[in-house]
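Engineer: Following this line is run17.cif, made up of mmCIF, C-alpha atoms:
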data_upload
#
loop_
_atom_site.label_atom_id
_atom_site.label_comp_id
_atom_site.auth_asym_id
_atom_site.auth_seq_id
_atom_site.Cartn_x
_atom_site.Cartn_y
_atom_site.Cartn_z
CA MET D 1 14.12 10.28 36.05
CA LEU D 2 10.46 10.15 35.05
CA LEU D 3 7.79 7.93 36.58
CA ILE D 4 4.47 7.50 34.76
CA THR D 5 1.90 5.96 37.10
CA ASN D 6 -1.59 4.48 36.83
CA ALA D 7 -1.59 4.11 33.05
CA ARG D 8 -3.21 1.34 31.02
CA LEU D 9 -0.90 -0.37 28.56
CA ALA D 10 -1.98 -1.04 24.98
CA SER D 11 -0.19 -3.81 23.09
CA GLU D 12 -0.34 -5.21 19.57
CA TYR D 13 -0.61 -8.67 21.10
CA SER D 14 -3.70 -8.25 23.27
CA THR D 15 -7.08 -6.56 23.26
CA ASP D 16 -6.75 -6.01 27.00
CA LEU D 17 -5.47 -2.79 28.56
CA THR D 18 -3.30 -3.77 31.51
CA PRO D 19 -2.44 -1.51 34.49
CA VAL D 20 1.15 -0.28 34.34
CA SER D 21 3.56 2.26 35.74
CA VAL D 22 6.83 3.00 33.95
CA LEU D 23 10.08 4.39 35.36
CA ILE D 24 12.40 6.01 32.79
CA GLY D 25 15.99 6.58 33.85
CA ASP D 26 18.22 9.59 33.26
CA ASP D 27 19.64 7.79 30.22
CA GLY D 28 16.22 7.53 28.57
CA VAL D 29 16.00 3.76 29.13
CA ILE D 30 13.05 2.16 30.88
CA GLN D 31 14.22 0.85 34.26
CA GLN D 32 10.99 -0.65 35.58
CA ALA D 33 7.53 -1.38 34.18
CA GLY D 34 4.69 -2.86 36.19
CA PRO D 35 1.79 -1.96 38.45
CA GLY D 36 2.24 0.07 41.62
CA LEU D 37 5.79 1.38 41.25
CA ALA D 38 7.08 3.77 43.92
CA ALA D 39 8.89 6.93 42.87
CA PRO D 40 12.65 6.94 43.60
CA ASP D 41 14.19 10.04 45.14
CA GLY D 42 14.39 12.86 42.63
CA ALA D 43 12.05 11.32 40.08
CA GLU D 44 9.34 13.43 38.51
CA THR D 45 5.95 11.72 38.61
CA ILE D 46 3.13 11.96 36.08
CA ASP D 47 -0.21 10.55 37.18
CA ALA D 48 -1.65 8.98 34.02
CA ALA D 49 -4.89 7.79 35.58
CA GLY D 50 -7.47 7.03 32.87
CA ARG D 51 -4.91 7.34 30.10
CA ILE D 52 -3.53 4.74 27.69
CA LEU D 53 0.19 4.13 27.25
CA MET D 54 1.55 2.74 24.00
CA PRO D 55 4.61 2.92 21.71
CA GLY D 56 5.03 6.03 19.61
CA MET D 57 3.45 5.70 16.18
CA PHE D 58 5.49 5.46 12.96
CA ASP D 59 4.33 6.82 9.60
CA ALA D 60 5.89 5.24 6.52
CA HIS D 61 4.38 7.64 3.96
CA VAL D 62 4.76 11.39 4.41
CA HIS D 63 5.65 14.40 2.27
CA PHE D 64 7.82 16.96 4.05
CA ARG D 65 8.40 18.94 0.80
CA GLU D 66 12.06 19.71 1.56
CA PRO D 67 13.94 20.42 -0.64
CA GLY D 68 12.08 22.54 -3.17
CA PHE D 69 8.65 23.20 -1.68
CA GLU D 70 9.41 24.63 1.74
CA ALA D 71 6.44 27.01 1.55
CA LYS D 72 4.25 23.94 2.08
CA GLU D 73 6.29 22.13 4.74
CA THR D 74 9.82 21.66 6.02
CA ILE D 75 11.48 18.81 7.85
CA ALA D 76 11.34 20.95 11.00
CA THR D 77 7.62 21.76 10.80
CA GLY D 78 6.64 18.34 9.53
CA SER D 79 8.44 16.53 12.32
CA GLU D 80 6.80 18.79 14.91
CA ALA D 81 3.43 17.97 13.36
CA ALA D 82 4.27 14.28 13.74
CA ILE D 83 5.12 14.73 17.41
CA ASN D 84 1.88 16.63 17.93
CA GLY D 85 0.04 13.56 16.66
CA GLY D 86 1.95 11.02 18.77
CA ILE D 87 4.31 9.91 15.98
CA THR D 88 7.99 9.31 16.75
CA GLY D 89 9.36 8.30 13.34
CA ILE D 90 8.54 8.87 9.67
CA VAL D 91 9.60 7.98 6.11
CA MET D 92 9.76 10.81 3.58
CA MET D 93 8.65 10.31 0.00
CA PRO D 94 11.09 11.31 -2.76
CA ASN D 95 8.96 13.68 -4.86
CA THR D 96 10.91 16.76 -3.81
CA ARG D 97 12.79 19.20 -6.06
CA PRO D 98 15.39 17.98 -6.74
CA ALA D 99 13.99 14.49 -6.39
CA LEU D 100 15.62 12.04 -4.01
CA ASP D 101 17.21 10.03 -6.80
CA ASN D 102 20.89 10.14 -5.86
CA PRO D 103 23.05 9.93 -2.73
CA ALA D 104 23.96 13.63 -2.71
CA VAL D 105 20.34 14.77 -2.34
CA VAL D 106 19.55 11.98 0.12
CA ALA D 107 22.55 12.97 2.23
CA SER D 108 21.46 16.62 2.28
CA VAL D 109 17.98 15.63 3.49
CA LEU D 110 19.36 13.34 6.18
CA ASN D 111 21.74 16.08 7.33
CA SER D 112 18.86 18.55 7.53
CA ALA D 113 16.82 16.03 9.50
CA ALA D 114 19.67 15.46 11.95
CA LYS D 115 19.77 19.20 12.64
CA ASN D 116 16.09 20.09 12.51
CA SER D 117 14.04 17.10 13.63
CA ARG D 118 13.52 15.78 17.17
CA ILE D 119 12.42 12.38 15.84
CA PRO D 120 14.08 9.92 13.43
CA VAL D 121 13.49 10.81 9.79
CA TYR D 122 14.05 8.17 7.12
CA THR D 123 13.80 8.69 3.41
CA SER D 124 12.77 6.62 0.47
CA GLY D 125 14.52 6.94 -2.87
CA CYS D 126 13.32 7.16 -6.45
CA VAL D 127 13.15 4.15 -8.72
CA THR D 128 14.03 6.28 -11.74
CA LYS D 129 15.93 9.51 -12.32
CA ASN D 130 13.73 12.49 -11.46
CA ARG D 131 10.81 10.05 -11.26
CA GLU D 132 10.52 10.18 -15.04
CA GLY D 133 10.21 6.42 -15.51
CA LYS D 134 13.05 6.12 -18.03
CA GLU D 135 16.46 5.54 -16.42
CA LEU D 136 17.18 3.89 -13.12
CA ALA D 137 18.14 6.21 -10.28
CA ALA D 138 21.45 5.91 -8.40
CA ILE D 139 20.05 3.02 -6.37
CA ASP D 140 23.22 1.57 -4.88
CA GLY D 141 24.47 4.98 -3.76
CA MET D 142 21.21 5.62 -1.94
CA ARG D 143 21.31 2.14 -0.40
CA SER D 144 24.70 2.95 1.11
CA LEU D 145 23.01 5.80 3.01
CA GLY D 146 20.34 3.54 4.45
CA VAL D 147 17.56 3.87 1.87
CA ARG D 148 15.45 0.70 1.80
CA MET D 149 12.25 1.82 0.07
CA LEU D 150 12.25 2.72 -3.62
CA THR D 151 9.27 4.50 -5.15
CA ASP D 152 8.37 7.03 -7.81
CA ASP D 153 5.54 8.08 -5.48
CA GLY D 154 3.19 10.62 -6.98
CA ASP D 155 3.68 8.91 -10.32
CA THR D 156 3.54 5.32 -11.50
CA THR D 157 6.76 3.92 -12.96
CA ALA D 158 5.07 3.88 -16.35
CA ASP D 159 7.34 1.49 -18.24
CA PRO D 160 6.97 -1.99 -16.70
CA ALA D 161 10.27 -3.06 -18.26
CA VAL D 162 12.10 -0.36 -16.30
CA LEU D 163 10.43 -1.40 -13.05
CA PHE D 164 11.16 -5.05 -13.85
CA ARG D 165 14.88 -4.30 -14.22
CA ALA D 166 14.90 -2.22 -11.06
CA MET D 167 13.33 -5.08 -9.12
CA GLN D 168 15.88 -7.55 -10.44
CA TYR D 169 18.71 -5.22 -9.46
CA ALA D 170 17.68 -3.79 -6.10
CA THR D 171 16.14 -6.91 -4.58
CA GLU D 172 19.66 -8.33 -4.26
CA PHE D 173 20.46 -5.42 -1.92
CA GLY D 174 17.51 -6.09 0.37
CA MET D 175 15.54 -3.10 -0.91
CA PHE D 176 11.82 -3.09 -1.64
CA PHE D 177 9.44 -1.17 -3.87
CA ALA D 178 6.48 1.00 -2.93
CA SER D 179 3.98 1.61 -5.70
CA HIS D 180 1.65 4.53 -6.36
CA CYS D 181 -0.80 2.69 -8.61
CA GLU D 182 -2.35 4.62 -11.45
CA VAL D 183 -2.75 4.40 -15.22
CA PRO D 184 -2.30 8.08 -16.14
CA GLU D 185 -4.28 7.81 -19.36
CA LEU D 186 -7.26 6.42 -17.42
CA ALA D 187 -6.91 8.54 -14.29
CA GLY D 188 -7.46 11.72 -16.29
CA PRO D 189 -7.57 14.91 -14.24
CA ARG D 190 -7.23 12.95 -10.97
CA ALA D 191 -9.75 15.26 -9.32
CA LEU D 192 -12.26 12.79 -7.85
CA ASN D 193 -13.76 9.35 -8.29
CA GLU D 194 -15.72 8.63 -11.46
CA GLY D 195 -19.29 8.17 -10.32
CA VAL D 196 -22.36 9.92 -8.99
CA THR D 197 -20.46 12.80 -7.38
CA SER D 198 -18.31 13.56 -10.42
CA TYR D 199 -21.44 13.55 -12.57
CA ARG D 200 -23.24 15.89 -10.14
CA LEU D 201 -20.32 18.31 -10.00
CA GLY D 202 -19.70 18.19 -13.75
CA ILE D 203 -16.06 17.14 -13.40
CA LYS D 204 -14.45 14.27 -15.26
CA GLY D 205 -13.73 11.52 -12.75
CA SER D 206 -10.94 9.00 -12.29
CA PRO D 207 -12.20 5.39 -12.40
CA ALA D 208 -11.06 2.93 -9.77
CA CYS D 209 -9.79 0.58 -12.47
CA ALA D 210 -6.99 3.09 -13.19
CA GLU D 211 -5.61 2.14 -9.76
CA GLU D 212 -6.58 -1.52 -9.80
CA ILE D 213 -4.81 -2.31 -13.08
CA ILE D 214 -1.44 -1.16 -11.75
CA ILE D 215 -1.94 -2.91 -8.41
CA ASP D 216 -2.16 -6.19 -10.27
CA ARG D 217 0.60 -5.30 -12.74
CA ASP D 218 3.16 -4.38 -10.09
CA ILE D 219 2.41 -7.42 -7.95
CA ARG D 220 2.89 -9.60 -11.05
CA LEU D 221 6.25 -7.94 -11.67
CA ALA D 222 7.25 -8.62 -8.06
CA HIS D 223 6.12 -12.21 -8.44
CA ALA D 224 8.26 -12.64 -11.54
CA THR D 225 11.38 -11.06 -10.01
CA GLY D 226 11.13 -12.20 -6.40
CA ALA D 227 10.88 -8.60 -5.23
CA HIS D 228 8.96 -7.23 -2.27
CA ILE D 229 6.21 -4.87 -3.45
CA HIS D 230 4.36 -2.51 -1.13
CA ILE D 231 1.12 -1.06 -2.49
CA GLN D 232 0.50 2.48 -1.29
CA HIS D 233 -2.77 4.16 -0.24
CA VAL D 234 -5.24 1.57 -1.54
CA SER D 235 -8.60 3.25 -2.12
CA SER D 236 -10.93 0.71 -3.75
CA ALA D 237 -12.52 -2.52 -2.56
CA LEU D 238 -11.54 -4.38 -5.72
CA GLY D 239 -7.96 -3.18 -5.45
CA MET D 240 -7.86 -4.49 -1.89
CA GLU D 241 -9.38 -7.81 -2.94
CA THR D 242 -6.74 -8.15 -5.65
CA ILE D 243 -4.07 -7.82 -2.96
CA ARG D 244 -5.90 -10.27 -0.71
CA TRP D 245 -5.92 -12.83 -3.55
CA TRP D 246 -2.22 -12.44 -4.25
CA LYS D 247 -1.42 -12.77 -0.54
CA SER D 248 -3.47 -15.96 -0.35
CA ARG D 249 -1.22 -17.59 -2.98
CA GLY D 250 1.78 -17.33 -0.67
CA ASP D 251 4.34 -17.08 -3.47
CA VAL D 252 4.90 -13.33 -3.63
CA ARG D 253 5.91 -10.83 -0.97
CA VAL D 254 3.31 -8.10 -1.06
CA THR D 255 2.39 -5.62 1.66
CA CYS D 256 -0.01 -2.71 1.51
CA GLU D 257 -1.22 0.37 3.35
CA VAL D 258 -4.45 2.23 3.91
CA ALA D 259 -4.72 5.94 4.72
CA PRO D 260 -7.03 7.25 7.44
CA HIS D 261 -8.83 9.48 4.94
CA HIS D 262 -9.80 6.48 2.81
CA LEU D 263 -11.19 4.82 5.94
CA LEU D 264 -13.09 7.89 7.15
CA PHE D 265 -14.42 9.68 4.08
CA SER D 266 -16.13 8.93 0.77
CA GLU D 267 -16.82 10.92 -2.39
CA GLU D 268 -20.06 12.13 -0.83
CA ASP D 269 -18.08 14.27 1.62
CA ILE D 270 -16.79 16.48 -1.18
CA GLY D 271 -20.07 18.43 -1.06
CA ASP D 272 -19.89 21.51 -3.27
CA TYR D 273 -16.31 21.37 -4.48
CA ASP D 274 -14.55 21.23 -1.06
CA THR D 275 -10.86 20.85 -1.97
CA HIS D 276 -10.04 19.54 1.52
CA TYR D 277 -11.47 16.27 0.23
CA LYS D 278 -9.44 16.23 -2.98
CA MET D 279 -6.67 13.65 -3.02
CA ASN D 280 -5.01 11.04 -5.19
CA PRO D 281 -6.12 8.30 -5.28
CA PRO D 282 -9.49 9.97 -4.81
CA LEU D 283 -12.13 9.21 -2.24
CA ARG D 284 -14.26 6.38 -3.59
CA THR D 285 -17.78 5.24 -2.68
CA LYS D 286 -19.17 4.51 0.78
CA ALA D 287 -19.09 0.83 -0.13
CA ASP D 288 -15.36 1.13 -0.79
CA THR D 289 -14.80 2.90 2.53
CA GLU D 290 -16.67 0.19 4.44
CA ALA D 291 -14.76 -2.55 2.62
CA LEU D 292 -11.40 -0.94 3.38
CA LEU D 293 -12.28 -0.74 7.07
CA GLN D 294 -13.18 -4.43 7.09
CA GLY D 295 -9.95 -5.19 5.24
CA LEU D 296 -7.98 -3.41 7.95
CA ILE D 297 -9.77 -5.44 10.62
CA ASP D 298 -9.23 -8.66 8.64
CA GLY D 299 -5.50 -8.00 8.32
CA VAL D 300 -5.33 -7.44 4.57
CA PHE D 301 -3.64 -4.10 5.24
CA ASP D 302 -0.22 -4.38 6.83
CA ILE D 303 0.08 -0.76 7.90
CA ILE D 304 -1.74 2.53 8.31
CA ALA D 305 0.01 5.49 6.67
CA THR D 306 -1.28 9.03 6.30
CA ASP D 307 0.21 10.15 2.97
CA HIS D 308 0.62 13.50 4.78
CA ALA D 309 0.50 15.99 1.87
CA PRO D 310 0.66 19.66 2.91
CA HIS D 311 -0.27 22.49 0.54
CA THR D 312 -0.53 26.24 0.97
CA PRO D 313 -3.93 27.90 1.53
CA PHE D 314 -3.58 29.68 -1.81
CA GLU D 315 -3.20 26.39 -3.66
CA LYS D 316 -6.13 24.71 -1.94
CA SER D 317 -8.36 27.77 -2.44
CA GLN D 318 -8.30 27.31 -6.22
CA ASP D 319 -11.17 25.69 -8.08
CA PHE D 320 -11.58 21.96 -7.53
CA THR D 321 -9.91 20.79 -10.73
CA SER D 322 -6.94 23.16 -10.35
CA ALA D 323 -6.25 22.63 -6.64
CA PRO D 324 -3.49 20.12 -5.84
CA ASN D 325 -4.27 16.69 -4.45
CA GLY D 326 -3.67 15.79 -0.84
CA ILE D 327 -4.41 16.57 2.78
CA THR D 328 -2.34 16.69 5.94
CA GLY D 329 -2.71 13.77 8.29
CA LEU D 330 0.05 13.47 10.88
CA GLU D 331 -1.70 15.49 13.58
CA THR D 332 -5.17 14.07 13.01
CA ALA D 333 -4.60 10.35 12.40
CA VAL D 334 -4.58 8.91 15.93
CA VAL D 335 -7.33 11.15 17.29
CA SER D 336 -9.63 10.69 14.29
CA LEU D 337 -9.21 6.91 14.26
CA TYR D 338 -9.91 6.83 17.98
CA HIS D 339 -12.97 9.11 17.65
CA HIS D 340 -14.57 7.20 14.77
CA TYR D 341 -13.48 3.60 15.28
CA ILE D 342 -11.89 2.78 18.64
CA ALA D 343 -14.34 4.76 20.77
CA THR D 344 -17.23 3.23 18.83
CA GLY D 345 -15.95 -0.33 19.22
CA LYS D 346 -15.18 -0.96 15.54
CA PHE D 347 -11.65 -2.07 16.43
CA GLY D 348 -9.32 -1.94 19.42
CA TRP D 349 -6.10 -0.31 20.51
CA ASP D 350 -4.24 -3.49 19.63
CA LEU D 351 -5.00 -2.96 15.95
CA LEU D 352 -3.80 0.65 16.00
CA VAL D 353 -0.58 -0.24 17.80
CA LYS D 354 0.10 -3.13 15.43
CA ARG D 355 -0.71 -1.32 12.20
CA TYR D 356 0.53 2.19 12.99
CA ALA D 357 3.42 1.60 15.41
CA ALA D 358 4.81 -1.91 15.02
CA GLU D 359 4.34 -3.10 11.43
CA PRO D 360 5.50 0.14 9.76
CA ARG D 361 8.79 -0.19 11.61
CA ARG D 362 9.09 -3.85 10.67
CA LEU D 363 8.47 -2.88 7.05
CA MET D 364 11.48 -0.56 7.27
CA GLY D 365 13.65 -3.03 9.16
CA ILE D 366 13.56 -0.92 12.33
CA SER D 367 13.24 -2.36 15.83
CA VAL D 368 9.79 -1.97 17.40
CA PRO D 369 9.71 -0.04 20.70
CA GLU D 370 8.84 -2.09 23.76
CA ILE D 371 7.55 -0.62 26.97
CA ALA D 372 9.70 -2.92 29.06
CA PRO D 373 12.85 -2.71 31.21
CA GLY D 374 16.04 -2.29 29.22
CA HIS D 375 14.39 -0.64 26.22
CA LYS D 376 14.73 2.97 25.16
CA ALA D 377 11.66 5.01 26.00
CA ASP D 378 9.62 5.58 22.85
CA LEU D 379 6.05 6.08 23.95
CA MET D 380 2.85 8.04 23.75
CA LEU D 381 0.16 8.67 26.36
CA PHE D 382 -3.39 9.08 25.07
CA ASN D 383 -6.36 10.47 26.99
CA PRO D 384 -9.66 8.91 25.81
CA GLU D 385 -11.57 11.33 28.03
CA GLY D 386 -9.92 14.37 26.49
CA SER D 387 -10.69 16.19 23.26
CA THR D 388 -8.74 17.89 20.50
CA THR D 389 -9.78 20.92 18.47
CA PHE D 390 -7.71 21.18 15.31
CA THR D 391 -7.32 24.94 15.20
CA ALA D 392 -4.58 26.70 13.28
CA GLU D 393 -3.03 27.54 16.66
CA PHE D 394 -2.98 23.89 17.74
CA MET D 395 -1.46 22.51 14.55
CA LYS D 396 2.31 22.49 14.03
CA SER D 397 2.31 21.73 10.32
CA LYS D 398 3.04 24.65 8.05
CA SER D 399 -0.14 23.83 6.13
CA ARG D 400 -3.75 23.47 7.26
CA ASN D 401 -5.33 21.53 4.40
CA THR D 402 -7.35 19.07 6.44
CA PRO D 403 -11.09 18.33 6.59
CA PHE D 404 -10.70 18.41 10.40
CA LEU D 405 -9.75 22.09 10.56
CA ASP D 406 -11.60 23.72 13.49
CA GLN D 407 -13.38 20.46 14.32
CA THR D 408 -13.33 18.97 17.84
CA LEU D 409 -12.86 15.21 18.16
CA SER D 410 -12.75 12.93 21.18
CA GLY D 411 -9.35 12.01 22.60
CA SER D 412 -6.01 13.76 22.94
CA VAL D 413 -2.30 12.99 22.76
CA ASP D 414 -1.07 14.14 26.16
CA LEU D 415 2.54 12.98 26.31
CA VAL D 416 5.24 11.90 23.86
CA VAL D 417 8.62 10.68 25.15
CA LEU D 418 11.62 9.61 23.09
CA GLY D 419 14.70 8.62 25.06
CA THR D 420 15.65 11.44 27.39
CA ASP D 421 13.41 13.95 25.61
CA VAL D 422 9.84 14.80 26.57
CA LEU D 423 8.75 15.90 23.11
CA LYS D 424 5.17 16.84 24.01
CA ARG D 425 3.43 17.23 27.36
CA THR D 426 -0.02 18.59 28.15
CA ILE D 427 -0.58 16.63 31.34
#
Using the file provided, produce a representation of the structure as structure tokens.

Structural biologist:
Amino acid sequence: MLLITNARLASEYSTDLTPVSVLIGDDGVIQQAGPGLAAPDGAETIDAAGRILMPGMFDAHVHFREPGFEAKETIATGSEAAINGGITGIVMMPNTRPALDNPAVVASVLNSAAKNSRIPVYTSGCVTKNREGKELAAIDGMRSLGVRMLTDDGDTTADPAVLFRAMQYATEFGMFFASHCEVPELAGPRALNEGVTSYRLGIKGSPACAEEIIIDRDIRLAHATGAHIHIQHVSSALGMETIRWWKSRGDVRVTCEVAPHHLLFSEEDIGDYDTHYKMNPPLRTKADTEALLQGLIDGVFDIIATDHAPHTPFEKSQDFTSAPNGITGLETAVVSLYHHYIATGKFGWDLLVKRYAAEPRRLMGISVPEIAPGHKADLMLFNPEGSTTFTAEFMKSKSRNTPFLDQTLSGSVDLVVLGTDVLKRTI
């Protein structure tokens, strides 16, 4: 038995942090939750004074690179990185090799996850075979294995007629579509935003309209077919406003996500060709970053998702145009959002819990953890008085491609518990 005492409970439903102690039984189920609990005989006690207790986070957009790119990340290392960041469940994207476009590959990934991950791992499936945008993938076979999200993530499903047919077909099965929005012909080299920074660095940029056009197109397809469309990693203010407008109509089911890096950084952070700031969609202007933050506060964004994209040091050490897009995010998300926005009063713990723990699970049709008697323990303890230095030794991911490498930020994830397992403990 484990008793956590003197914590403050964060909830998606309130801005207040309420005093709480939690007793977890030998079966991993919460037996009692309330202030001033006494420790039963044989129970281990953790004094959480000054710390904040909340459900474990859930990331609905990660790349674990298995199968095919295990030099970058594996299910084992990626899931440990998630735990290190206070995350107790994830959804893998299907741009592996082979792609997750049929039940055989999906089954092999789920089997690997069952053996190698200490947290639940879910997978999305491709819309089209090998993500080529031509023929529909084996959608029903993947559905039978629990796949709910369909996406050609990393590429747009280029032919709208193919996506239209997929929406008509899969919506009947209760599946939904996640869209990486990009007109390839406009996006060009995908290296960085078209603007002042691209001009200064002498690199052809990718205009925001390349993203915004497909945001509108795919929502219109969902509107016409009755499908649920989820727009991934929105990076521009106008793209966000397009989604806001469609939501205001009330006649289409559209959800969307924002990544921490699009909330925290702008194109100005690229400096002199720093590939740790190269991603797709690219970092936009400061005005875009500020608008996205306000959109998160306003509730335009349904979830926060990292788009965790590990790459090897060799790949990221290439010149800016040749280096691959993407940064890691699982280990840095909670701490960086606390450091920059919660600690500074921009938003509260309730927003983080709602958008990074509760709503991502609801999106996937998964029950949301409750820190209440009768519920399985699925929780994280955060120390706002602590600090985290993102050294190579601290990080569990196989890759280190993050702008936060060797930086120290305020706050630390001190405890992660899932059922009977204490997955992380530094307290």

Engineer: Give me, as a list in words, all polymer residues having an atom no more than 10 Å from range 39-48 of chain D, counting all atoms listed in the file and skipping those fewer than 5 positions away in the same chain.

Structural biologist: Met1, Leu2, Leu3, Ile4, Thr5, Asn6, Ala7, Arg8, Val20, Ser21, Val22, Leu23, Ile24, Gly25, Asp26, Leu53, Leu381, Phe382, Asn383, Asp414, Leu415 and Ile427 of chain D

Engineer: Generate a file of the selected residues that holds C-alpha atoms, formatted as a short mmCIF file (atom, residue, chain, number, x, y, z; two decimals), in the coordinates of the input.

Structural biologist:
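Everything below was put into result-v4.cif:
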data_model
loop_
_atom_site.label_atom_id
_atom_site.label_comp_id
_atom_site.auth_asym_id
_atom_site.auth_seq_id
_atom_site.Cartn_x
_atom_site.Cartn_y
_atom_site.Cartn_z
CA MET D 1 14.12 10.28 36.05
CA LEU D 2 10.46 10.15 35.05
CA LEU D 3 7.79 7.93 36.58
CA ILE D 4 4.47 7.50 34.76
CA THR D 5 1.90 5.96 37.10
CA ASN D 6 -1.59 4.48 36.83
CA ALA D 7 -1.59 4.11 33.05
CA ARG D 8 -3.21 1.34 31.02
CA VAL D 20 1.15 -0.28 34.34
CA SER D 21 3.56 2.26 35.74
CA VAL D 22 6.83 3.00 33.95
CA LEU D 23 10.08 4.39 35.36
CA ILE D 24 12.40 6.01 32.79
CA GLY D 25 15.99 6.58 33.85
CA ASP D 26 18.22 9.59 33.26
CA LEU D 53 0.19 4.13 27.25
CA LEU D 381 0.16 8.67 26.36
CA PHE D 382 -3.39 9.08 25.07
CA ASN D 383 -6.36 10.47 26.99
CA ASP D 414 -1.07 14.14 26.16
CA LEU D 415 2.54 12.98 26.31
CA ILE D 427 -0.58 16.63 31.34
#

Engineer: Please identify all polymer residues within 9 Å of Gly326 in chain D, counting all atoms listed in the file, omitting same-chain residues fewer than 5 positions from it, and present them as a PyMOL selection string.

Structural biologist: chain D and resi 275-280+307-311+401-402

Engineer: For the atom pair CA of Thr171 in chain D and CA of Ser367 in chain D, what is the interatomic distance in Å to one decimal place?

Structural biologist: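 It comes out at 21.1 Å.
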
Engineer: Hey, what comes out of the PyMOL selection byres ((chain D and resi 210) around 12) on this file? Could you write it as a ChimeraX atom specification?

Structural biologist: /D:156,180-190,193-194,205-209,211-217,234-236,238-239,280-282

Engineer: I need the residue set behind the PyMOL selection byres ((chain D and resi 390-399) around 9) for this file; please write it as a ChimeraX atom specification.

Structural biologist: /D:70-74,77-84,309-313,328,330-332,388-389,400-402,404-409

Engineer: Write the residues of the preceding selection, restricted to C-alpha atoms, as a PDB file, in the frame of the given file.

Structural biologist:
ATOM      1  CA  GLU D  70       9.410  24.630   1.740  1.00  0.00           C
ATOM      2  CA  ALA D  71       6.440  27.010   1.550  1.00  0.00           C
ATOM      3  CA  LYS D  72       4.250  23.940   2.080  1.00  0.00           C
ATOM      4  CA  GLU D  73       6.290  22.130   4.740  1.00  0.00           C
ATOM      5  CA  THR D  74       9.820  21.660   6.020  1.00  0.00           C
ATOM      6  CA  THR D  77       7.620  21.760  10.800  1.00  0.00           C
ATOM      7  CA  GLY D  78       6.640  18.340   9.530  1.00  0.00           C
ATOM      8  CA  SER D  79       8.440  16.530  12.320  1.00  0.00           C
ATOM      9  CA  GLU D  80       6.800  18.790  14.910  1.00  0.00           C
ATOM     10  CA  ALA D  81       3.430  17.970  13.360  1.00  0.00           C
ATOM     11  CA  ALA D  82       4.270  14.280  13.740  1.00  0.00           C
ATOM     12  CA  ILE D  83       5.120  14.730  17.410  1.00  0.00           C
ATOM     13  CA  ASN D  84       1.880  16.630  17.930  1.00  0.00           C
ATOM     14  CA  ALA D 309       0.500  15.990   1.870  1.00  0.00           C
ATOM     15  CA  PRO D 310       0.660  19.660   2.910  1.00  0.00           C
ATOM     16  CA  HIS D 311      -0.270  22.490   0.540  1.00  0.00           C
ATOM     17  CA  THR D 312      -0.530  26.240   0.970  1.00  0.00           C
ATOM     18  CA  PRO D 313      -3.930  27.900   1.530  1.00  0.00           C
ATOM     19  CA  THR D 328      -2.340  16.690   5.940  1.00  0.00           C
ATOM     20  CA  LEU D 330       0.050  13.470  10.880  1.00  0.00           C
ATOM     21  CA  GLU D 331      -1.700  15.490  13.580  1.00  0.00           C
ATOM     22  CA  THR D 332      -5.170  14.070  13.010  1.00  0.00           C
ATOM     23  CA  THR D 388      -8.740  17.890  20.500  1.00  0.00           C
ATOM     24  CA  THR D 389      -9.780  20.920  18.470  1.00  0.00           C
ATOM     25  CA  ARG D 400      -3.750  23.470   7.260  1.00  0.00           C
ATOM     26  CA  ASN D 401      -5.330  21.530   4.400  1.00  0.00           C
ATOM     27  CA  THR D 402      -7.350  19.070   6.440  1.00  0.00           C
ATOM     28  CA  PHE D 404     -10.700  18.410  10.400  1.00  0.00           C
ATOM     29  CA  LEU D 405      -9.750  22.090  10.560  1.00  0.00           C
ATOM     30  CA  ASP D 406     -11.600  23.720  13.490  1.00  0.00           C
ATOM     31  CA  GLN D 407     -13.380  20.460  14.320  1.00  0.00           C
ATOM     32  CA  THR D 408     -13.330  18.970  17.840  1.00  0.00           C
ATOM     33  CA  LEU D 409     -12.860  15.210  18.160  1.00  0.00           C
TER      34      LEU D 409
END

Engineer: Taking the file as I've supplied it (selection: the PyMOL selection byres ((chain D and resi 353) around 8)), which residues are included? Please answer as a PyMOL selection string.

Structural biologist: chain D and resi 10-12+54-55+57+349-352+354-358

Engineer: How about saving the chosen residues, C-alpha atoms kept, as a PDB file, in the frame of the given file?

Structural biologist:
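Listed below is the output, selection-v1.pdb:
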ATOM      1  CA  ALA D  10      -1.980  -1.040  24.980  1.00  0.00           C
ATOM      2  CA  SER D  11      -0.190  -3.810  23.090  1.00  0.00           C
ATOM      3  CA  GLU D  12      -0.340  -5.210  19.570  1.00  0.00           C
ATOM      4  CA  MET D  54       1.550   2.740  24.000  1.00  0.00           C
ATOM      5  CA  PRO D  55       4.610   2.920  21.710  1.00  0.00           C
ATOM      6  CA  MET D  57       3.450   5.700  16.180  1.00  0.00           C
ATOM      7  CA  TRP D 349      -6.100  -0.310  20.510  1.00  0.00           C
ATOM      8  CA  ASP D 350      -4.240  -3.490  19.630  1.00  0.00           C
ATOM      9  CA  LEU D 351      -5.000  -2.960  15.950  1.00  0.00           C
ATOM     10  CA  LEU D 352      -3.800   0.650  16.000  1.00  0.00           C
ATOM     11  CA  LYS D 354       0.100  -3.130  15.430  1.00  0.00           C
ATOM     12  CA  ARG D 355      -0.710  -1.320  12.200  1.00  0.00           C
ATOM     13  CA  TYR D 356       0.530   2.190  12.990  1.00  0.00           C
ATOM     14  CA  ALA D 357       3.420   1.600  15.410  1.00  0.00           C
ATOM     15  CA  ALA D 358       4.810  -1.910  15.020  1.00  0.00           C
TER      16      ALA D 358
END
